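Novice: Below is the structure I would like to discuss, written out as structure tokens.
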Amino acid sequence: MKGILAIFRRELVLAWAGGSGLFLPAAFFAGTIFLAPLGVGAEPGLLSRLAPGLIFVALCLASLTTLERIFQADLEVGALDQQRLSGLSMELITVVKVLAHWLVSGLPIALLTPVAAVFMRADTVTPMTILPVFLGSITIFLWGGVGASLTAGLRRSGPLVALLVLPLFVPVVIFGAEELNHILTGQTFGAGLTLLAANTLAALAISPFAMALALKLE
Amino acid sequence: MFSTFANPHRFMSLTRPLLPILTVVAAVMLAAGWIWAIGFVPDEKYQGPTVQIMYVHVPAAMVSLAAYSTMAISSLLYLILKHSLADVAAKSAAPIAAALSFICLVTGSLWGRPTWGTYWIWDARLTSMLFQLFLILGYMALRSAFQREQEAARAGAILCLVGAVNLPIIKFSVEWWNTLHQPAGFISLTGDSSLTAEFFWPLMFNLIGMMVLFGAFLIATMRSEVYKRQYEAKLARLNRSTS
Amino acid sequence: MINRDSDGQMALKLRQLTAVRGYTLLFSGLDFDLAYGEFAALKGPNGAGKTTLLRMVAGLIAAESGEIEYSIPDEAPARGIYYLGHELGLRPNETPLSHLRDWADMHHQPRERILPAIDRLGLTSRREVPAWSLSAGQKKRVALARSLVVPCPIWLLDEPASSLDVGGQCLLCELMTEHLNSNGAILAALHDPMDLEPSRVLDVGAFAP
């Protein structure tokens with residue numbers, strides 16, 4: 001336990017110190033949201049209808065800005081080799097890395113959602129607005145981590161990662177945006193939340209094995 | 001011996017006579033299916049002659065799914081057995097699966113023009129086919145980004161399996177989201193299907209013909225991939241002995 | 001296969017190892033035993049597969065075929081292998097101190113060893129400096145400090161002397177001698193001869209096809 005916590009702390013500190021995109025994804029997310037009304041017009045009805053989908057699309061795009069670095073940074077300096085020699089399970093190491101990465105670049109996006117909803121002129125903005133994006137961003141980072149692990153050894157893998165993980169984001173966008181729509185229009189929780197949570201669990205169950213297997217590549 | 005140099009003699013000698021047979025069977029089945037469909041099947045009550053696009057669209061859709069399944073099963077076998085022939089199969093099936101998905105999308109959109117009045121509707125089947133195409137394109141792009149065949153094989157196999165797990169989730173989510181989809185049941189003969197026997201049998205001929213054609217294409221691509229790898233292995237050996 | 005009780009004195013038994021890179025067979029049928037207290041040097045021309053063999057023994061890449069048997073004492077941390085490769089494992093924003101602290105925690109080793117290790121490797125004044133401002137030799141010293149913080153019975157070293165200055169090379173010899181005296185085993189790929197004489201030589205080139 002102490003060993004895996006050490007890896008978690010190291011990832012957090014390095015993400016913080018490296019500025020490897022602590023607020024970059026959040027800023028990207030905000031920028032996308034602010035740009036949208038300039039493109040489609042600022043009528044309240046139109047904007048609030050677009051809000052859930054736009055927020056989730058912006059979340060997907062924002063996650064792509066730093067995704068490729070999750071494993072690459074450690075792989076290219078040989079730190080990943082050393083971690084594999086630590087005897088800790090690779091599945092656990094990869095999940096911890098993804099979660100640390102999510103904590104510094106995914107969670108800020110979730111916390112920004114109410115602000116984004118206000119700018120999108122949504123009807124009801126409550127703290128609950130955070131929930132779908134919170135779950136959705138974890139899922140996106142886990143599936144995204146699979147893409148990142150497969151391309152960790154490649155140079156300039158950003159566009160490739162985007163192509164690989166795009167189809168995996170489809171259910172998150174569908175379930176998440178549907179649920180966010182429920183919340184922003186003042187309804188109670190719908191089936192979207194359950195389905196989104198189910199997808200999060202599926203990602204949590206499957207992605208560690210895929211990432212661990214991928215990083216054993218030479 | 002080592003799987004990298006596994007020499008698939010048996011596969012090569014087995015498929016050499018099989019390939020022309022499959023090609024002829026596919027040609028006969030498809031020709032028969034087409035002549036039957038165009039010449040002898042009456043126009044459908046509501047859709048008129050445009051329904052004949054179905055004889056390409058539906059087989060392409062089903063065989064492209066079969067091709068992706070081939071990729072997934074071969075990938076799993078490769079990860080377990082480490083036999084390069086399984087990887088050759090997965091790699092060779094990918095472009096065929098992509099082409100079939102593409103044909104399915106194009107014919108679907110051409111069929112949609114007279115039926116729905118537009119080239120594209122976010123129909124559940126077409127939408128999940130679109131993302132299946134993206135999965136396959138991603139697989140091909142990932143493989144081509146690696147220099148060494150073994151690395152490409154492993155990364156591709158992992159991606160393909162993750163995609164195979166996600167494909168049903170994607171299909172489910174798209175169907176859940178979609179409210180404007182076509183009535184299901186293209187293929188069941190019994191029940192109150194919209195498809196009666198006079199449409200069903202020519203479709204069956206086309207479907208089987210397309211399946212056999214996929215088999216023929218797969219074997220042809222696999223054979224050329226095996227030749228390519230044998231050539232590269234020989235080249236590596238020559239380079240070593242001259243240096 | 002990992003044997004946790006080191007009843008015998010054999011640290012490593014390599015049996016019929018085969019390595020492949022791309023379509024090239026690097027070596028095949030490689031047999032080698034390494035006993036505790038022994039220092040074996042890996043020799044062979046460029047591209048013979050010295051690094052590949054070391055990474056294979058470290059468990060970082062899979063062998064095409066063959067088997068590796070380890071005997072690791074029970075009290076050894078983690079997998080009992082210290083691997084010093086070409087990449088030194090330091091992220092640009094890590095400092096020697098934070099790096100070693102994380103490494104000690106990761107392996108459940110006491111942090112008290114860190115400062116003496118840093119001192120021993122002459123990094124005291126640089127211990128809180130981020131790695132991007134360290135020289136290659138200084139980074140190598142940090143990597144060597146890991147062997148003191150997390151003591152492992154089997155050392156796998158890939159060109160350990162490269163980028164070290166004269167003082168650093170002396171230090172390396174000292175550390176290796178101490179390790180051998182405390183009944184450790186060393187397998188090292190060496191290009192230039194070292195002051196420390198290896199007890200055995202494994203010529204990878206002899207197993208080339």
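Identifiers in the structure tokens: chain A, B, ... in order shown; residue index from 1 per chain; ligand index from 1 in order shown.
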Residues of chain A were defined as contacting chain B if any atom lay at most 9 Å from it, counting only C-alpha atoms; please report them as number ranges by chain.
Specialist: A: 146-147, 150-151, 153-154, 157, 160-161, 163-172, 174-175, 178, 195, 199, 206-207, 210-211, 213-214, 217-218
Novice: Please write the residues from the selection above to a file, keeping N, CA, C and O atoms, as a short mmCIF file (atom, residue, chain, number, x, y, z; two decimals), in the first residue's frame.
Specialist:
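File written: again-v5.cif
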```
data_model
loop_
_atom_site.label_atom_id
_atom_site.label_comp_id
_atom_site.auth_asym_id
_atom_site.auth_seq_id
_atom_site.Cartn_x
_atom_site.Cartn_y
_atom_site.Cartn_z
N VAL A 146 -5.82 3.98 -22.10
CA VAL A 146 -5.52 2.84 -22.95
C VAL A 146 -4.83 3.33 -24.23
O VAL A 146 -3.79 2.80 -24.64
N GLY A 147 -5.41 4.37 -24.82
CA GLY A 147 -4.79 4.94 -26.02
C GLY A 147 -3.39 5.46 -25.73
O GLY A 147 -2.45 5.26 -26.50
N LEU A 150 -0.86 2.62 -25.40
CA LEU A 150 -0.51 1.96 -26.66
C LEU A 150 0.47 2.78 -27.48
O LEU A 150 1.22 2.25 -28.29
N THR A 151 0.45 4.10 -27.30
CA THR A 151 1.28 4.96 -28.13
C THR A 151 2.43 5.58 -27.33
O THR A 151 3.12 6.45 -27.85
N GLY A 153 5.34 4.70 -26.61
CA GLY A 153 6.68 4.60 -27.17
C GLY A 153 6.84 5.34 -28.50
O GLY A 153 7.92 5.30 -29.09
N LEU A 154 5.78 5.99 -28.96
CA LEU A 154 5.85 6.64 -30.27
C LEU A 154 6.04 8.14 -30.11
O LEU A 154 5.63 8.72 -29.12
N SER A 157 2.52 11.43 -30.71
CA SER A 157 1.43 10.49 -30.80
C SER A 157 0.07 11.14 -30.58
O SER A 157 -0.94 10.47 -30.66
N LEU A 160 -2.72 10.54 -33.13
CA LEU A 160 -3.03 9.11 -33.17
C LEU A 160 -3.90 8.71 -31.98
O LEU A 160 -4.90 8.01 -32.13
N VAL A 161 -3.52 9.20 -30.79
CA VAL A 161 -4.32 8.90 -29.59
C VAL A 161 -5.75 9.36 -29.80
O VAL A 161 -6.71 8.65 -29.48
N LEU A 163 -7.46 9.64 -32.52
CA LEU A 163 -8.18 8.72 -33.41
C LEU A 163 -8.54 7.42 -32.69
O LEU A 163 -9.63 6.88 -32.85
N LEU A 164 -7.60 6.92 -31.87
CA LEU A 164 -7.83 5.63 -31.21
C LEU A 164 -8.95 5.69 -30.18
O LEU A 164 -9.74 4.77 -30.05
N VAL A 165 -9.00 6.79 -29.42
CA VAL A 165 -9.92 6.80 -28.29
C VAL A 165 -11.27 7.42 -28.64
O VAL A 165 -12.23 7.25 -27.88
N LEU A 166 -11.37 8.08 -29.77
CA LEU A 166 -12.63 8.72 -30.15
C LEU A 166 -13.83 7.78 -30.06
O LEU A 166 -14.83 8.11 -29.42
N PRO A 167 -13.76 6.57 -30.66
CA PRO A 167 -14.94 5.69 -30.56
C PRO A 167 -15.26 5.27 -29.13
O PRO A 167 -16.42 5.04 -28.80
N LEU A 168 -14.21 5.20 -28.28
CA LEU A 168 -14.44 4.77 -26.90
C LEU A 168 -15.17 5.85 -26.09
O LEU A 168 -15.72 5.57 -25.03
N PHE A 169 -15.12 7.09 -26.58
CA PHE A 169 -15.78 8.19 -25.87
C PHE A 169 -17.28 8.26 -26.18
O PHE A 169 -18.01 8.97 -25.50
N VAL A 170 -17.73 7.55 -27.23
CA VAL A 170 -19.13 7.68 -27.67
C VAL A 170 -20.14 7.43 -26.54
O VAL A 170 -20.99 8.30 -26.29
N PRO A 171 -20.04 6.28 -25.83
CA PRO A 171 -21.04 6.06 -24.77
C PRO A 171 -21.00 7.12 -23.68
O PRO A 171 -22.05 7.52 -23.18
N VAL A 172 -19.80 7.60 -23.35
CA VAL A 172 -19.69 8.62 -22.30
C VAL A 172 -20.43 9.88 -22.72
O VAL A 172 -21.19 10.47 -21.94
N ILE A 174 -22.85 10.17 -24.92
CA ILE A 174 -24.30 9.93 -25.00
C ILE A 174 -24.93 9.92 -23.60
O ILE A 174 -25.86 10.68 -23.32
N PHE A 175 -24.40 9.05 -22.73
CA PHE A 175 -25.00 8.93 -21.39
C PHE A 175 -24.81 10.21 -20.59
O PHE A 175 -25.73 10.68 -19.92
N GLU A 178 -26.91 13.22 -21.85
CA GLU A 178 -28.32 12.99 -21.55
C GLU A 178 -28.61 13.31 -20.08
O GLU A 178 -29.58 13.99 -19.76
N LEU A 195 -26.31 4.38 -16.39
CA LEU A 195 -25.55 3.83 -17.52
C LEU A 195 -24.13 4.40 -17.55
O LEU A 195 -23.16 3.69 -17.82
N ASN A 199 -20.62 2.39 -17.22
CA ASN A 199 -19.49 2.51 -18.15
C ASN A 199 -18.21 2.85 -17.40
O ASN A 199 -17.13 2.36 -17.74
N ILE A 206 -11.65 -2.93 -17.05
CA ILE A 206 -10.97 -3.42 -18.25
C ILE A 206 -9.67 -2.67 -18.53
O ILE A 206 -8.63 -3.27 -18.83
N SER A 207 -9.71 -1.34 -18.42
CA SER A 207 -8.57 -0.56 -18.89
C SER A 207 -7.24 -0.90 -18.18
O SER A 207 -6.20 -0.90 -18.84
N ALA A 210 -5.55 -3.72 -20.02
CA ALA A 210 -5.09 -3.31 -21.35
C ALA A 210 -3.85 -2.43 -21.23
O ALA A 210 -2.86 -2.62 -21.95
N MET A 211 -3.87 -1.48 -20.27
CA MET A 211 -2.73 -0.57 -20.13
C MET A 211 -1.47 -1.32 -19.69
O MET A 211 -0.38 -1.09 -20.21
N LEU A 213 -0.75 -4.47 -20.11
CA LEU A 213 -0.28 -5.31 -21.20
C LEU A 213 0.44 -4.46 -22.25
O LEU A 213 1.49 -4.83 -22.77
N ALA A 214 -0.14 -3.29 -22.54
CA ALA A 214 0.44 -2.43 -23.57
C ALA A 214 1.82 -1.92 -23.16
O ALA A 214 2.71 -1.80 -24.00
N LEU A 217 5.17 -3.74 -23.77
CA LEU A 217 5.75 -3.72 -25.11
C LEU A 217 7.16 -3.19 -25.03
O LEU A 217 7.45 -2.34 -24.23
N GLU A 218 7.97 -3.64 -25.93
CA GLU A 218 9.30 -3.05 -25.95
C GLU A 218 9.39 -2.10 -27.12
O GLU A 218 8.85 -2.35 -28.17
#
```
Novice: Using only C-alpha atoms, determine which residues lie at most 10 Å from Ala100 in chain A, disregarding the query and same-chain residues fewer than 2 positions distant; provide the list as a ChimeraX atom specification.
Specialist: /A:7-15,70,94-98,102-106
Novice: Using the selection just defined, write its residues with N, CA, C and O atoms as a short mmCIF file (atom, residue, chain, number, x, y, z; two decimals), in the first residue's frame.
Specialist:
```cif
data_model
loop_
_atom_site.label_atom_id
_atom_site.label_comp_id
_atom_site.auth_asym_id
_atom_site.auth_seq_id
_atom_site.Cartn_x
_atom_site.Cartn_y
_atom_site.Cartn_z
N ILE A 7 3.97 6.03 -5.46
CA ILE A 7 3.85 6.31 -6.89
C ILE A 7 2.80 7.39 -7.14
O ILE A 7 2.99 8.31 -7.94
N PHE A 8 1.68 7.28 -6.42
CA PHE A 8 0.60 8.26 -6.56
C PHE A 8 1.09 9.67 -6.21
O PHE A 8 0.90 10.62 -6.95
N ARG A 9 1.80 9.76 -5.07
CA ARG A 9 2.30 11.07 -4.63
C ARG A 9 3.29 11.63 -5.64
O ARG A 9 3.26 12.81 -5.99
N ARG A 10 4.16 10.75 -6.14
CA ARG A 10 5.16 11.20 -7.11
C ARG A 10 4.48 11.75 -8.36
O ARG A 10 4.85 12.82 -8.87
N GLU A 11 3.46 11.03 -8.86
CA GLU A 11 2.75 11.49 -10.06
C GLU A 11 2.11 12.85 -9.82
O GLU A 11 2.19 13.75 -10.67
N LEU A 12 1.48 13.00 -8.65
CA LEU A 12 0.81 14.27 -8.35
C LEU A 12 1.82 15.41 -8.30
O LEU A 12 1.62 16.46 -8.92
N VAL A 13 2.91 15.18 -7.58
CA VAL A 13 3.91 16.24 -7.41
C VAL A 13 4.50 16.62 -8.77
O VAL A 13 4.66 17.80 -9.09
N LEU A 14 4.79 15.60 -9.59
CA LEU A 14 5.42 15.89 -10.88
C LEU A 14 4.45 16.61 -11.81
O LEU A 14 4.86 17.51 -12.55
N ALA A 15 3.18 16.22 -11.78
CA ALA A 15 2.20 16.90 -12.63
C ALA A 15 2.08 18.35 -12.19
O ALA A 15 1.97 19.26 -13.01
N ILE A 70 0.60 10.76 -20.20
CA ILE A 70 0.41 10.02 -18.94
C ILE A 70 1.55 9.04 -18.71
O ILE A 70 2.14 8.98 -17.64
N THR A 94 -0.68 1.54 -13.38
CA THR A 94 -1.29 2.32 -14.46
C THR A 94 -2.54 3.05 -13.98
O THR A 94 -2.73 4.22 -14.32
N VAL A 95 -3.36 2.38 -13.19
CA VAL A 95 -4.58 3.05 -12.71
C VAL A 95 -4.22 4.24 -11.84
O VAL A 95 -4.82 5.32 -11.96
N VAL A 96 -3.23 4.06 -10.99
CA VAL A 96 -2.82 5.15 -10.11
C VAL A 96 -2.31 6.34 -10.93
O VAL A 96 -2.62 7.49 -10.65
N LYS A 97 -1.56 6.05 -11.98
CA LYS A 97 -1.06 7.13 -12.82
C LYS A 97 -2.21 7.87 -13.50
O LYS A 97 -2.23 9.11 -13.56
N VAL A 98 -3.18 7.09 -14.02
CA VAL A 98 -4.32 7.73 -14.69
C VAL A 98 -5.10 8.58 -13.70
O VAL A 98 -5.48 9.72 -14.00
N TRP A 102 -5.82 12.41 -13.81
CA TRP A 102 -7.20 12.92 -13.84
C TRP A 102 -7.39 13.98 -12.76
O TRP A 102 -8.05 14.99 -12.98
N LEU A 103 -6.78 13.73 -11.59
CA LEU A 103 -6.97 14.64 -10.47
C LEU A 103 -6.47 16.04 -10.81
O LEU A 103 -7.07 17.03 -10.41
N VAL A 104 -5.37 16.13 -11.55
CA VAL A 104 -4.84 17.46 -11.87
C VAL A 104 -5.40 18.03 -13.17
O VAL A 104 -5.42 19.24 -13.34
N SER A 105 -5.88 17.18 -14.10
CA SER A 105 -6.38 17.79 -15.33
C SER A 105 -7.84 17.47 -15.63
O SER A 105 -8.45 18.18 -16.43
N GLY A 106 -8.42 16.44 -15.02
CA GLY A 106 -9.82 16.13 -15.27
C GLY A 106 -10.76 16.75 -14.26
O GLY A 106 -11.79 17.34 -14.61
#
```
Novice: Mind listing as JSON, numbers by chain which residues of chain C are within 10 Å of chain A, counting only C-alpha atoms?
Specialist: {"C": [55, 58, 59, 60, 61, 62, 77, 78, 79, 80, 81, 82, 83, 84, 85, 86, 87, 88, 89, 90, 91, 92, 93, 94, 98, 99, 101, 102, 103, 104, 105, 106, 107, 108, 109, 150]}
Novice: With N, CA, C and O atoms retained, export the selected residues as a CSV table (one decimal), in the first residue's frame.
Specialist:
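Now in selection-v1.csv:
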```
chain,number,residue,atom,x,y,z
C,55,ARG,N,18.1,-6.6,-20.2
C,55,ARG,CA,16.7,-6.3,-20.0
C,55,ARG,C,15.8,-7.5,-19.8
C,55,ARG,O,14.8,-7.6,-19.1
C,58,ALA,N,16.4,-8.8,-16.4
C,58,ALA,CA,15.6,-7.9,-15.5
C,58,ALA,C,14.1,-8.1,-15.5
C,58,ALA,O,13.4,-7.7,-14.7
C,59,GLY,N,13.7,-8.9,-16.6
C,59,GLY,CA,12.3,-9.1,-16.7
C,59,GLY,C,11.5,-8.0,-17.4
C,59,GLY,O,10.3,-7.9,-17.3
C,60,LEU,N,12.3,-7.1,-18.1
C,60,LEU,CA,11.6,-6.0,-18.7
C,60,LEU,C,11.1,-6.3,-20.1
C,60,LEU,O,10.2,-5.7,-20.7
C,61,ILE,N,11.8,-7.3,-20.8
C,61,ILE,CA,11.2,-7.9,-22.0
C,61,ILE,C,11.2,-9.4,-21.9
C,61,ILE,O,12.0,-10.0,-21.2
C,62,ALA,N,10.3,-9.9,-22.7
C,62,ALA,CA,10.2,-11.4,-22.7
C,62,ALA,C,11.2,-12.0,-23.6
C,62,ALA,O,11.5,-11.5,-24.7
C,77,PRO,N,14.3,-6.6,-1.1
C,77,PRO,CA,13.1,-5.8,-1.4
C,77,PRO,C,12.6,-6.1,-2.8
C,77,PRO,O,13.4,-6.5,-3.7
C,78,ALA,N,11.3,-6.0,-3.0
C,78,ALA,CA,10.7,-6.2,-4.3
C,78,ALA,C,11.2,-7.4,-5.1
C,78,ALA,O,11.2,-8.5,-4.5
C,79,ARG,N,11.6,-7.3,-6.3
C,79,ARG,CA,12.1,-8.4,-7.0
C,79,ARG,C,13.6,-8.7,-6.9
C,79,ARG,O,14.1,-9.6,-7.5
C,80,GLY,N,14.2,-7.9,-6.1
C,80,GLY,CA,15.6,-8.1,-5.7
C,80,GLY,C,16.6,-7.8,-6.8
C,80,GLY,O,17.7,-8.3,-6.8
C,81,ILE,N,16.1,-7.0,-7.8
C,81,ILE,CA,17.0,-6.7,-8.9
C,81,ILE,C,17.2,-5.2,-9.0
C,81,ILE,O,16.3,-4.4,-9.0
C,82,TYR,N,18.5,-4.8,-9.1
C,82,TYR,CA,18.8,-3.4,-9.3
C,82,TYR,C,19.3,-3.3,-10.8
C,82,TYR,O,20.2,-4.0,-11.2
C,83,TYR,N,18.6,-2.5,-11.6
C,83,TYR,CA,18.9,-2.4,-13.0
C,83,TYR,C,19.4,-1.0,-13.3
C,83,TYR,O,18.6,0.0,-13.0
C,84,LEU,N,20.5,-0.9,-13.9
C,84,LEU,CA,21.0,0.5,-14.2
C,84,LEU,C,21.2,0.4,-15.8
C,84,LEU,O,22.1,-0.2,-16.3
C,85,GLY,N,20.3,1.1,-16.4
C,85,GLY,CA,20.3,1.1,-17.9
C,85,GLY,C,20.8,2.4,-18.5
C,85,GLY,O,21.4,3.2,-17.8
C,86,HIS,N,20.5,2.6,-19.8
C,86,HIS,CA,21.0,3.8,-20.4
C,86,HIS,C,20.1,5.0,-19.9
C,86,HIS,O,20.6,6.1,-19.7
C,87,GLU,N,18.8,4.7,-19.8
C,87,GLU,CA,18.0,5.8,-19.2
C,87,GLU,C,18.0,5.7,-17.7
C,87,GLU,O,18.0,4.6,-17.2
C,88,LEU,N,18.1,6.9,-17.1
C,88,LEU,CA,18.4,6.8,-15.7
C,88,LEU,C,17.2,6.9,-14.7
C,88,LEU,O,17.3,6.9,-13.5
C,89,GLY,N,16.0,7.1,-15.3
C,89,GLY,CA,14.8,7.1,-14.5
C,89,GLY,C,14.5,8.4,-13.8
C,89,GLY,O,13.6,8.4,-12.9
C,90,LEU,N,15.1,9.5,-14.2
C,90,LEU,CA,14.8,10.7,-13.5
C,90,LEU,C,13.9,11.6,-14.4
C,90,LEU,O,14.3,11.9,-15.6
C,91,ARG,N,12.8,12.0,-13.9
C,91,ARG,CA,12.0,13.0,-14.7
C,91,ARG,C,12.6,14.4,-14.5
C,91,ARG,O,13.2,14.7,-13.5
C,92,PRO,N,12.5,15.3,-15.5
C,92,PRO,CA,13.2,16.5,-15.5
C,92,PRO,C,12.9,17.4,-14.2
C,92,PRO,O,13.7,18.1,-13.7
C,93,ASN,N,11.7,17.2,-13.7
C,93,ASN,CA,11.3,18.0,-12.5
C,93,ASN,C,11.6,17.4,-11.2
C,93,ASN,O,11.3,18.0,-10.2
C,94,GLU,N,12.1,16.2,-11.2
C,94,GLU,CA,12.5,15.6,-9.9
C,94,GLU,C,13.8,16.1,-9.4
C,94,GLU,O,14.7,16.4,-10.2
C,98,SER,N,13.9,14.1,-3.8
C,98,SER,CA,12.5,13.6,-3.9
C,98,SER,C,12.5,12.3,-4.6
C,98,SER,O,11.7,11.4,-4.3
C,99,HIS,N,13.4,12.1,-5.6
C,99,HIS,CA,13.4,10.9,-6.3
C,99,HIS,C,13.7,9.7,-5.4
C,99,HIS,O,13.1,8.7,-5.4
C,101,ARG,N,13.5,9.6,-2.2
C,101,ARG,CA,12.5,9.4,-1.2
C,101,ARG,C,11.3,8.6,-1.7
C,101,ARG,O,10.9,7.6,-1.1
C,102,ASP,N,10.9,8.9,-3.0
C,102,ASP,CA,9.8,8.1,-3.6
C,102,ASP,C,10.3,6.7,-3.8
C,102,ASP,O,9.5,5.7,-3.6
C,103,TRP,N,11.6,6.5,-4.2
C,103,TRP,CA,12.0,5.1,-4.4
C,103,TRP,C,12.1,4.3,-3.1
C,103,TRP,O,11.8,3.1,-3.1
C,104,ALA,N,12.5,5.0,-2.0
C,104,ALA,CA,12.6,4.3,-0.7
C,104,ALA,C,11.1,3.9,-0.3
C,104,ALA,O,10.9,2.7,0.1
C,105,ASP,N,10.2,4.8,-0.5
C,105,ASP,CA,8.8,4.5,-0.1
C,105,ASP,C,8.2,3.4,-0.9
C,105,ASP,O,7.5,2.5,-0.4
C,106,MET,N,8.5,3.5,-2.2
C,106,MET,CA,7.9,2.5,-3.1
C,106,MET,C,8.4,1.1,-2.8
C,106,MET,O,7.6,0.1,-3.0
C,107,HIS,N,9.6,0.9,-2.2
C,107,HIS,CA,10.1,-0.4,-1.9
C,107,HIS,C,10.1,-0.7,-0.4
C,107,HIS,O,10.7,-1.6,0.1
C,108,HIS,N,9.4,0.1,0.3
C,108,HIS,CA,9.2,-0.1,1.8
C,108,HIS,C,10.6,-0.1,2.5
C,108,HIS,O,10.9,-0.9,3.3
C,109,GLN,N,11.5,0.8,2.0
C,109,GLN,CA,12.8,0.9,2.6
C,109,GLN,C,12.9,2.2,3.5
C,109,GLN,O,12.2,3.1,3.2
C,150,VAL,N,17.9,1.2,-1.9
C,150,VAL,CA,17.1,0.0,-2.1
C,150,VAL,C,18.1,-1.1,-2.4
C,150,VAL,O,18.4,-1.4,-3.5
```
Novice: Quick one: DSSP helix (DSSP H, G or I) residues in range 57-168 of chain C, as a PyMOL selection string?
Specialist: chain C and resi 57-58+96-106+111-120+124-126+131-133+136-149+166-168
Novice: Using only C-alpha atoms, tabulate the residues of chain B lying at most 7 Å from any atom of chain C, each with its closest atom pair and that distance in Å to one decimal, by chain and increasing residue number, as a Markdown table.
Specialist:
```
| residue | atom | partner | partner_atom | distance |
| --- | --- | --- | --- | --- |
| B:Phe2 | CA | C:Glu64 | CA | 6.1 |
| B:Arg148 | CA | C:Gly22 | CA | 5.6 |
| B:Glu149 | CA | C:Gly22 | CA | 6.8 |
| B:Ala233 | CA | C:Tyr23 | CA | 5.1 |
| B:Ala236 | CA | C:Thr24 | CA | 5.9 |
| B:Arg237 | CA | C:Thr24 | CA | 6.7 |
```
Novice: Can you write out the residues you just picked, keeping all heavy atoms, as an mmCIF file, in the first residue's frame?
Specialist:
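Ended up saving to result_10.cif:
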```cif
data_model
loop_
_atom_site.group_PDB
_atom_site.id
_atom_site.type_symbol
_atom_site.label_atom_id
_atom_site.label_comp_id
_atom_site.auth_asym_id
_atom_site.auth_seq_id
_atom_site.Cartn_x
_atom_site.Cartn_y
_atom_site.Cartn_z
ATOM 1 N N PHE B 2 10.719 -20.561 -32.357
ATOM 2 C CA PHE B 2 10.265 -19.203 -32.027
ATOM 3 C C PHE B 2 9.134 -18.778 -32.956
ATOM 4 O O PHE B 2 9.166 -19.030 -34.145
ATOM 5 C CB PHE B 2 11.389 -18.182 -32.122
ATOM 6 C CG PHE B 2 12.699 -18.784 -32.455
ATOM 7 C CD1 PHE B 2 13.236 -18.622 -33.706
ATOM 8 C CD2 PHE B 2 13.377 -19.522 -31.496
ATOM 9 C CE1 PHE B 2 14.437 -19.199 -34.007
ATOM 10 C CE2 PHE B 2 14.578 -20.091 -31.805
ATOM 11 C CZ PHE B 2 15.115 -19.931 -33.066
ATOM 12 N N ARG B 148 8.578 -2.023 -35.836
ATOM 13 C CA ARG B 148 8.743 -3.473 -35.726
ATOM 14 C C ARG B 148 7.391 -4.165 -35.737
ATOM 15 O O ARG B 148 6.469 -3.769 -35.032
ATOM 16 C CB ARG B 148 9.472 -3.825 -34.422
ATOM 17 C CG ARG B 148 10.910 -3.425 -34.470
ATOM 18 C CD ARG B 148 11.630 -3.882 -33.224
ATOM 19 N NE ARG B 148 12.854 -3.127 -33.057
ATOM 20 C CZ ARG B 148 13.488 -3.007 -31.912
ATOM 21 N NH1 ARG B 148 13.009 -3.594 -30.841
ATOM 22 N NH2 ARG B 148 14.600 -2.306 -31.839
ATOM 23 N N GLU B 149 7.347 -5.230 -36.525
ATOM 24 C CA GLU B 149 6.083 -5.940 -36.708
ATOM 25 C C GLU B 149 5.547 -6.492 -35.386
ATOM 26 O O GLU B 149 4.347 -6.457 -35.141
ATOM 27 C CB GLU B 149 6.303 -7.065 -37.722
ATOM 28 C CG GLU B 149 5.044 -7.552 -38.409
ATOM 29 C CD GLU B 149 4.427 -6.513 -39.325
ATOM 30 O OE1 GLU B 149 5.025 -6.152 -40.353
ATOM 31 O OE2 GLU B 149 3.327 -6.058 -39.007
ATOM 32 N N ALA B 233 12.366 -11.356 -43.509
ATOM 33 C CA ALA B 233 13.232 -12.190 -42.672
ATOM 34 C C ALA B 233 14.479 -12.601 -43.451
ATOM 35 O O ALA B 233 15.593 -12.592 -42.925
ATOM 36 C CB ALA B 233 12.461 -13.425 -42.200
ATOM 37 N N ALA B 236 16.805 -9.650 -43.715
ATOM 38 C CA ALA B 236 17.523 -9.425 -42.456
ATOM 39 C C ALA B 236 18.671 -10.421 -42.315
ATOM 40 O O ALA B 236 19.767 -10.069 -41.873
ATOM 41 C CB ALA B 236 16.554 -9.569 -41.283
ATOM 42 N N ARG B 237 18.429 -11.662 -42.729
ATOM 43 C CA ARG B 237 19.464 -12.684 -42.639
ATOM 44 C C ARG B 237 20.621 -12.343 -43.577
ATOM 45 O O ARG B 237 21.786 -12.425 -43.213
ATOM 46 C CB ARG B 237 18.860 -14.042 -42.985
ATOM 47 C CG ARG B 237 19.439 -15.169 -42.161
ATOM 48 C CD ARG B 237 18.578 -16.429 -42.147
ATOM 49 N NE ARG B 237 17.885 -16.721 -43.358
ATOM 50 C CZ ARG B 237 16.565 -16.901 -43.429
ATOM 51 N NH1 ARG B 237 15.846 -16.755 -42.353
ATOM 52 N NH2 ARG B 237 15.996 -17.211 -44.564
#
```
Novice: Env of Phe102 in chain B: 9 Å cut, atoms = only C-alpha atoms, seq-sep filter 4 positions within chain, self excluded. Answer as JSON, numbers by chain.
Specialist: {"B": [60, 97, 98, 106, 107, 129, 130, 133]}
Novice: I'd like the contact shell of range 36-43 of chain C - 7 Å cut-off, only C-alpha atoms, skipping same-chain residues fewer than 4 positions apart - returned as a ChimeraX atom specification.
Specialist: /C:9-11,50,180-181,183-190,198-204
